[in-house]
>>> print(open('target.txt').read())   # compact mmCIF, C-alpha atoms
# COMPACT_ATOMS: atom_id res chain seq x y z
CA MET A 10 61.14 -91.85 69.65
CA GLY A 11 60.70 -93.23 73.19
CA ALA A 12 57.73 -93.10 75.47
CA ALA A 13 56.96 -89.75 77.06
CA THR A 14 58.10 -89.27 80.62
CA PRO A 15 55.51 -88.54 83.31
CA GLN A 16 56.67 -84.90 83.40
CA GLN A 17 56.29 -84.59 79.63
CA LEU A 18 52.76 -85.96 79.90
CA ILE A 19 51.94 -83.46 82.64
CA ASP A 20 53.42 -80.59 80.61
CA ARG A 21 51.48 -81.70 77.53
CA GLY A 22 48.27 -81.89 79.56
CA ARG A 23 48.90 -78.44 81.01
CA GLY A 24 49.37 -77.08 77.49
CA GLU A 25 46.11 -78.64 76.34
CA LEU A 26 44.22 -77.15 79.28
CA ARG A 27 45.64 -73.67 78.54
CA ARG A 28 43.95 -73.79 75.15
CA PHE A 29 40.64 -73.50 77.01
CA GLY A 30 41.62 -70.52 79.14
CA PRO A 31 43.57 -69.84 82.28
CA VAL A 32 43.61 -72.35 85.10
CA PRO A 33 42.12 -70.78 88.25
CA PRO A 34 44.45 -70.52 91.22
CA ARG A 35 44.09 -73.18 93.90
CA ASP A 36 44.28 -70.69 96.77
CA ASP A 37 40.65 -71.35 97.56
CA GLU A 38 41.25 -75.05 98.24
CA PRO A 39 38.41 -76.46 100.37
CA ASP A 40 38.93 -77.68 103.91
CA TRP A 41 39.05 -81.36 102.96
CA SER A 42 39.09 -82.53 106.57
CA ALA A 43 35.88 -80.65 107.38
CA LEU A 44 34.18 -81.80 104.16
CA TRP A 45 35.15 -85.41 104.88
CA GLN A 46 33.61 -85.55 108.38
CA PRO A 47 29.94 -85.85 107.36
CA LEU A 48 30.77 -88.08 104.37
CA LYS A 49 33.05 -90.67 105.90
CA GLY A 50 30.25 -92.50 107.71
CA ASP A 51 28.87 -93.54 104.33
CA PHE A 52 31.88 -95.83 104.00
CA ALA A 53 31.46 -97.63 107.31
CA THR A 54 30.57 -101.29 107.06
CA ALA A 55 30.24 -104.16 109.51
CA ALA A 56 33.81 -105.15 108.64
CA ARG A 57 34.98 -101.52 108.66
CA PRO A 58 33.06 -99.81 111.47
CA ARG A 59 35.54 -96.97 111.79
CA VAL A 60 36.56 -94.88 108.79
CA PRO A 61 39.62 -92.70 109.42
CA ASP A 62 39.55 -88.92 109.42
CA PHE A 63 40.83 -87.36 106.20
CA ASP A 64 44.21 -86.44 107.70
CA GLN A 65 44.70 -90.05 108.85
CA LEU A 66 44.31 -91.47 105.34
CA ALA A 67 47.38 -92.53 103.37
CA PRO A 68 48.03 -90.56 100.13
CA TRP A 69 46.23 -93.01 97.83
CA PRO A 70 42.88 -93.16 99.70
CA GLN A 71 43.21 -89.47 100.55
CA GLN A 72 43.40 -88.60 96.85
CA ALA A 73 40.42 -90.83 96.09
CA ALA A 74 38.49 -89.09 98.88
CA ARG A 75 39.49 -85.68 97.53
CA ILE A 76 38.21 -86.61 94.05
CA TYR A 77 34.98 -87.89 95.61
CA MET A 78 34.50 -84.63 97.50
CA ARG A 79 35.35 -82.51 94.44
CA ARG A 80 32.65 -84.34 92.52
CA LYS A 81 30.22 -83.65 95.35
CA LEU A 82 31.11 -79.94 95.33
CA LEU A 83 30.56 -79.80 91.57
CA ALA A 84 27.19 -81.55 91.89
CA ASP A 85 26.24 -79.10 94.66
CA ARG A 86 27.09 -76.09 92.45
CA LEU A 87 25.23 -77.50 89.47
CA PHE A 88 22.21 -78.23 91.66
CA GLU A 89 22.24 -74.59 92.76
CA ASP A 90 22.26 -73.51 89.08
CA CYS A 91 19.43 -75.91 88.31
CA THR A 92 17.36 -74.69 91.26
CA ALA A 93 17.88 -71.03 90.37
CA LEU A 94 16.72 -71.63 86.80
CA TYR A 95 13.74 -73.65 88.02
CA ASP A 96 12.76 -70.77 90.31
CA ARG A 97 13.09 -68.35 87.40
CA LEU A 98 10.78 -70.52 85.30
CA HIS A 99 8.09 -70.17 87.95
CA ALA A 100 8.73 -66.47 88.51
CA GLU A 101 9.07 -65.39 84.86
CA GLY A 102 6.90 -67.95 83.12
CA ILE A 103 7.72 -70.62 80.59
CA GLY A 104 9.92 -69.39 77.78
CA THR A 105 11.91 -71.41 75.27
CA ASP A 106 15.31 -69.99 76.23
CA LEU A 107 14.69 -70.44 79.93
CA VAL A 108 13.38 -73.99 79.47
CA GLU A 109 16.45 -74.86 77.37
CA ALA A 110 18.77 -73.30 79.97
CA TYR A 111 17.06 -75.27 82.73
CA THR A 112 17.28 -78.48 80.69
CA LEU A 113 21.02 -77.99 80.18
CA ALA A 114 21.53 -77.26 83.87
CA ARG A 115 19.48 -80.30 84.91
CA ASP A 116 21.37 -82.58 82.51
CA ALA A 117 24.72 -81.27 83.79
CA TYR A 118 23.58 -81.85 87.37
CA GLU A 119 22.43 -85.39 86.59
CA ASP A 120 25.77 -86.14 84.90
CA ALA A 121 27.60 -84.77 87.94
CA VAL A 122 25.55 -86.98 90.26
CA MET A 123 26.49 -90.02 88.16
CA GLU A 124 30.18 -89.04 88.33
CA PHE A 125 29.85 -88.51 92.09
CA GLY A 126 28.43 -92.03 92.35
CA ALA A 127 31.27 -93.43 90.26
CA ALA A 128 33.81 -91.64 92.48
CA ARG A 129 32.10 -93.15 95.52
CA GLU A 130 32.43 -96.63 94.02
CA LYS A 131 36.11 -96.00 93.24
CA LEU A 132 36.75 -94.78 96.80
CA GLU A 133 35.01 -97.89 98.16
CA GLU A 134 37.34 -100.02 96.01
CA VAL A 135 40.37 -98.15 97.36
CA PHE A 136 39.17 -98.61 100.94
CA ALA A 137 38.61 -102.31 100.31
CA GLN A 138 42.17 -102.64 99.04
CA VAL A 139 43.85 -100.42 101.64
CA LEU A 140 41.82 -100.19 104.85
CA ASP A 141 40.32 -103.66 104.78
CA ALA A 142 43.69 -105.20 103.88
CA GLU A 143 45.20 -103.56 106.99
CA ARG A 144 42.61 -105.31 109.17
CA ARG A 145 43.45 -108.77 107.82
>>> encode(input="target.txt", output="structure tokens")
Amino acid sequence: MGAATPQQLIDRGRGELRRFGPVPPRDDEPDWSALWQPLKGDFATAARPRVPDFDQLAPWPQQAARIYMRRKLLADRLFEDCTALYDRLHAEGIGTDLVEAYTLARDAYEDAVMEFGAAREKLEEVFAQVLDAERR
């Protein structure tokens, strides 16, 4: 039996994801260009003073930027969950279930922040390979 084709791998992955419930529609796709504007300055360096707008990026760096921003959005949502539970702890008093819920939310948020940082490092690597190579 030969190696699976890329389409077979995608189909297999799709099947695995379906085991965990329906995949939400992507109709609510964020405005990547608008999300990128306040973030792109973080990638400016002395050697790379100008970071392109999202729509000016080639597909490879654009995908890395999209992953970076998705990780940020996830961290933002998890932070909101964490904050809401923290506020409930102060409003309702310390209770085991609420403390455990807050602990789970905080841990998920901290994991998301680490993944956001890893995505930032990956995007920096992509920029070093693509944008910085164009300047040479």
>>> closest_residue(input="target.txt", among="A:Leu132, A:Met123, A:Leu48, A:Ala137", to="Ile76 in chain A", atoms="only C-alpha atoms")
A:Leu132
>>> atom_distance(input="target.txt", atom1="CA of Arg59 in chain A", atom2="CA of Phe125 in chain A")
22.2 Å
>>> closest_residue(input="target.txt", among="A:Leu18, A:Leu113, A:Ala74, A:Gly24", to="Asp51 in chain A", atoms="all atoms listed in the file")
A:Ala74
>>> closest_residue(input="target.txt", among="A:Arg86, A:His99, A:Arg79, A:Arg23", to="Glu124 in chain A", atoms="all atoms listed in the file")
A:Arg79
>>> residues_around(input="target.txt", residues="Gly50 in chain A", least_positions_apart="4", cutoff="10 Å", atoms="all atoms listed in the file", output="count of residues only")
7
>>> closest_residue(input="target.txt", among="A:Ala121, A:Ile19, A:Leu140, A:Ala53", to="Leu82 in chain A", atoms="all atoms listed in the file")
A:Ala121
>>> closest_residue(input="target.txt", among="A:Trp41, A:Arg57, A:Gln65, A:Gln71", to="Val135 in chain A", atoms="all atoms listed in the file")
A:Gln71
>>> closest_residue(input="target.txt", among="A:Arg21, A:Lys131, A:Arg80, A:Arg75", to="Glu38 in chain A", atoms="only C-alpha atoms")
A:Arg75
>>> atom_distance(input="target.txt", atom1="CA of Tyr111 in chain A", atom2="CA of Phe88 in chain A")
10.7 Å
>>> atom_distance(input="target.txt", atom1="CA of Asp96 in chain A", atom2="CA of Ala84 in chain A")
18.1 Å
>>> axis_aligned_box(input="target.txt", around="range 42-57 of chain A", padding_each_side="5 Å", output="JSON")
{"center_x": 34.0, "center_y": -92.9, "center_z": 106.8, "size_x": 20.2, "size_y": 34.5, "size_z": 15.5}
>>> residues_around(input="target.txt", residues="Val122 in chain A", least_positions_apart="5", cutoff="10 Å", atoms="only C-alpha atoms", output="ChimeraX atom specification")
/A:80-81,83-85,87-88,116-117,127-128
>>> decode(input="target.txt", residues="range 61-90 of chain A", atoms="C-alpha atoms", output="PDB file, in the first residue's frame")
ATOM      1  CA  PRO A  61       3.825  44.791   4.962  1.00  0.00           C
ATOM      2  CA  ASP A  62       0.081  45.023   5.397  1.00  0.00           C
ATOM      3  CA  PHE A  63      -1.666  41.654   5.572  1.00  0.00           C
ATOM      4  CA  ASP A  64      -2.927  41.852   1.983  1.00  0.00           C
ATOM      5  CA  GLN A  65       0.618  42.531   0.747  1.00  0.00           C
ATOM      6  CA  LEU A  66       2.024  39.346   2.270  1.00  0.00           C
ATOM      7  CA  ALA A  67       2.700  36.328   0.073  1.00  0.00           C
ATOM      8  CA  PRO A  68       0.624  33.193   0.875  1.00  0.00           C
ATOM      9  CA  TRP A  69       3.227  31.585   3.151  1.00  0.00           C
ATOM     10  CA  PRO A  70       3.778  34.542   5.526  1.00  0.00           C
ATOM     11  CA  GLN A  71       0.090  35.413   5.268  1.00  0.00           C
ATOM     12  CA  GLN A  72      -0.850  31.962   6.556  1.00  0.00           C
ATOM     13  CA  ALA A  73       1.689  32.228   9.377  1.00  0.00           C
ATOM     14  CA  ALA A  74       0.215  35.633  10.286  1.00  0.00           C
ATOM     15  CA  ARG A  75      -3.312  34.192  10.196  1.00  0.00           C
ATOM     16  CA  ILE A  76      -2.289  31.388  12.582  1.00  0.00           C
ATOM     17  CA  TYR A  77      -0.635  33.955  14.864  1.00  0.00           C
ATOM     18  CA  MET A  78      -3.795  36.061  14.918  1.00  0.00           C
ATOM     19  CA  ARG A  79      -6.044  33.030  15.481  1.00  0.00           C
ATOM     20  CA  ARG A  80      -3.947  32.139  18.514  1.00  0.00           C
ATOM     21  CA  LYS A  81      -4.326  35.701  19.761  1.00  0.00           C
ATOM     22  CA  LEU A  82      -8.109  35.559  19.312  1.00  0.00           C
ATOM     23  CA  LEU A  83      -8.243  32.281  21.233  1.00  0.00           C
ATOM     24  CA  ALA A  84      -6.122  33.721  24.059  1.00  0.00           C
ATOM     25  CA  ASP A  85      -8.413  36.777  24.145  1.00  0.00           C
ATOM     26  CA  ARG A  86     -11.532  34.577  24.473  1.00  0.00           C
ATOM     27  CA  LEU A  87      -9.964  32.421  27.162  1.00  0.00           C
ATOM     28  CA  PHE A  88      -8.871  35.523  29.061  1.00  0.00           C
ATOM     29  CA  GLU A  89     -12.481  36.736  28.984  1.00  0.00           C
ATOM     30  CA  ASP A  90     -13.605  33.380  30.439  1.00  0.00           C
TER      31      ASP A  90
END
